[in-house]
Amino acid sequence: MAANPKSAAPLDLERIRRDFPILSRQIRGKPLVYLDNGASAQRPSAVIEAEREYYERHHANVHRGVHTLSQEATDLFEGAREKVRGFLNAASTKEIVFVRGTTEAINLVAQAWGRPRLGKGDEIVITWLEHHANIVPWQQVCEQTGAGLKVVPIDRRGVVDFDAYLGMLGPKTRMVAIAHVSNALGTVLPVEKFVAAAREHGIATLVDGAQAVPHQRVDVRSLGCDFYAFSGHKLYGPTGIGVLYGREEVLDEMPPWQGGGDMILTVSFERTTYNHLPYKFEAGTPNIAGAVALGTAIDYVEGVGLDRIAAYEAGLLDYATERLSAVPGLTIVGTAPEKASLVSFVIDGVHPHDLGTILDAEGVAIRTGHHCAMPVMDFFEVPATARASFAFYNTRAEIDALVTALGRAREMLG
Amino acid sequence: MDLTDLYRDVIVDHNRNPRNFGKLEHANRTAEGNNPLCGDRLHVFVEVEGDVIRDIRFECKGCAISTASASLMSEAVKGKRLDDVRHLFEEVHDMLTRHDAPVPADLGKLAALSGVREFPARVKCASLAWHTLNAALVKESQPVTTE
């Protein structure tokens, strides 16, 4: 029987905060309160050290040399791939493609899966709350192939309309590409239901997991999706490294996306044969240090425990929702019953951009703007929102600091 | 770097009560400006007669800095000759972007925007209105953007 996350032992916050050196920084004379984890999380010392040690002791190019360093670098790189496989519970490391991030992963699928097989009249289904990275690559492949984009509506809480979704699936639907967690609103989509419905119609599925993997356990085999994408830097790992999971049969049928070194078996001027999975999709020298340190980040997160992280962050979200709801003139944007630990909001008379500046003067870092989800902003008829997004190293005292700083902003401009 | 240097009383006042706010029915030059970073959208309506700005109004959904900047600009350029407006644009642009440039004495209330240069992330907010006015005056058909 699965452990009830609510009953998991509490986190040792003092120890955890010591693991993240940047959290002891002062910003404009105040202790940093970092509440912009949805944009990019911070790194524990172990991750920073892993990258340093890789460069100081083991670096060479991978999959190329017979010398010791090349072998060590290859072992570390492939070891990281195995860690990712375990983290997602994928069947094989052949299904784990290292990319720059979620954006590149989705572009890869749009171009290598979508472009050769989509045609006029075919449909791709996305939802209203997608990040631009799960909109624009599909629009581009639609322009190239004549396929069309269908958008599943959301309601005023930011919940995706499942019945409307079912109504959109049909013989023309070729791909369903959906966020696991909305970056702008925090809504957690019941992706299992969405994927299962698509599979009944034989439709391919991609889940954008950028905002999900830092907060909850993901099992791609029980989820049953064809593709799952995430970024290292939101999972306490380096920037410039991310993962595309693809089911082996699906990846096997796809042509390579980019051509170059490492993705080939043989090259002559007449003909090139492509490498096996996953190397077919990894042209050029990859971000080796990034992959190695992503492996360390996964070890760190597993060490803390994803169930404990989920339980702790749920408590933070409840506390933040309660405190922010009590701020006069504040409206929370995105009130789905199932949410990840972030709160998007607006305050009467104070533009989010001014909030960002005033909070920064108090040491509080939040995101302000459209969150690369302009259709969501249009839906709620706001030009922008302020967003506080929490990680397991954040505390209730930091949420108090946020609320105090919001009071200062209202005094100045409200 | 003090917040009160950015949100001076003049700016707070022009944000709360923007002057010349709204559509100008008899405008003969208009332009739209966007600041994609923060989602600011601004419309400038200008009535030009000969080489003089007879009237100007604006509409915007933006932050305090962009709203106050547009409001202060509308007051500063109304009734001015186009050559003088161009000169003013240069002076404001320098004030916003050149860290140690002295603030010209003839800028009047516009000098309240000088605190913006200590907050590099906000310079585009303050310059949006001016770029949009510029676009209206040269009759650019494309919306301008600060990116």
# chains A, B, ... in the order shown; residues from 1 in each chain; ligands from 1
$ interface_residues --of "chain A" --to "chain B" --cutoff "6 Å" --atoms "only C-alpha atoms" --output "ChimeraX atom specification"
/A:351,353,369,383-384
$ select_by_dssp --residues "chain B" --states "alpha helix (DSSP H)" --output "ChimeraX atom specification"
/B:3-6,9-16,64-77,82-97,123-137
$ residues_around --residues "A:Asp299" --least-positions-apart "3" --cutoff "12 Å" --atoms "only C-alpha atoms" --output "list in words"
Pro44, Ala46, Val47, Ala50, Gly79, Ala80, Glu82, Lys83, Val84, Gly86, Phe87, Leu235, Tyr236, Gly237, Val292, Ala293, Leu294, Gly295, Thr296, Glu302, Gly303, Val304, Gly305 and Leu306 of chain A
$ closest_residue --among "B:Lys23, B:Asp84, B:Ala68, B:Leu133" --to "B:Val116" --atoms "only C-alpha atoms"
B:Ala68
$ select_by_dssp --residues "stretch 42-285 of chain A" --states "strand (DSSP E)" --output "JSON, numbers by chain"
{"A": [96, 97, 98, 99, 123, 124, 125, 126, 127, 148, 149, 150, 151, 152, 173, 174, 175, 176, 177, 178, 179, 204, 205, 206, 207, 208, 227, 228, 229, 230, 231, 242, 243, 244, 245, 246, 264, 265, 266, 267, 272, 273, 274]}
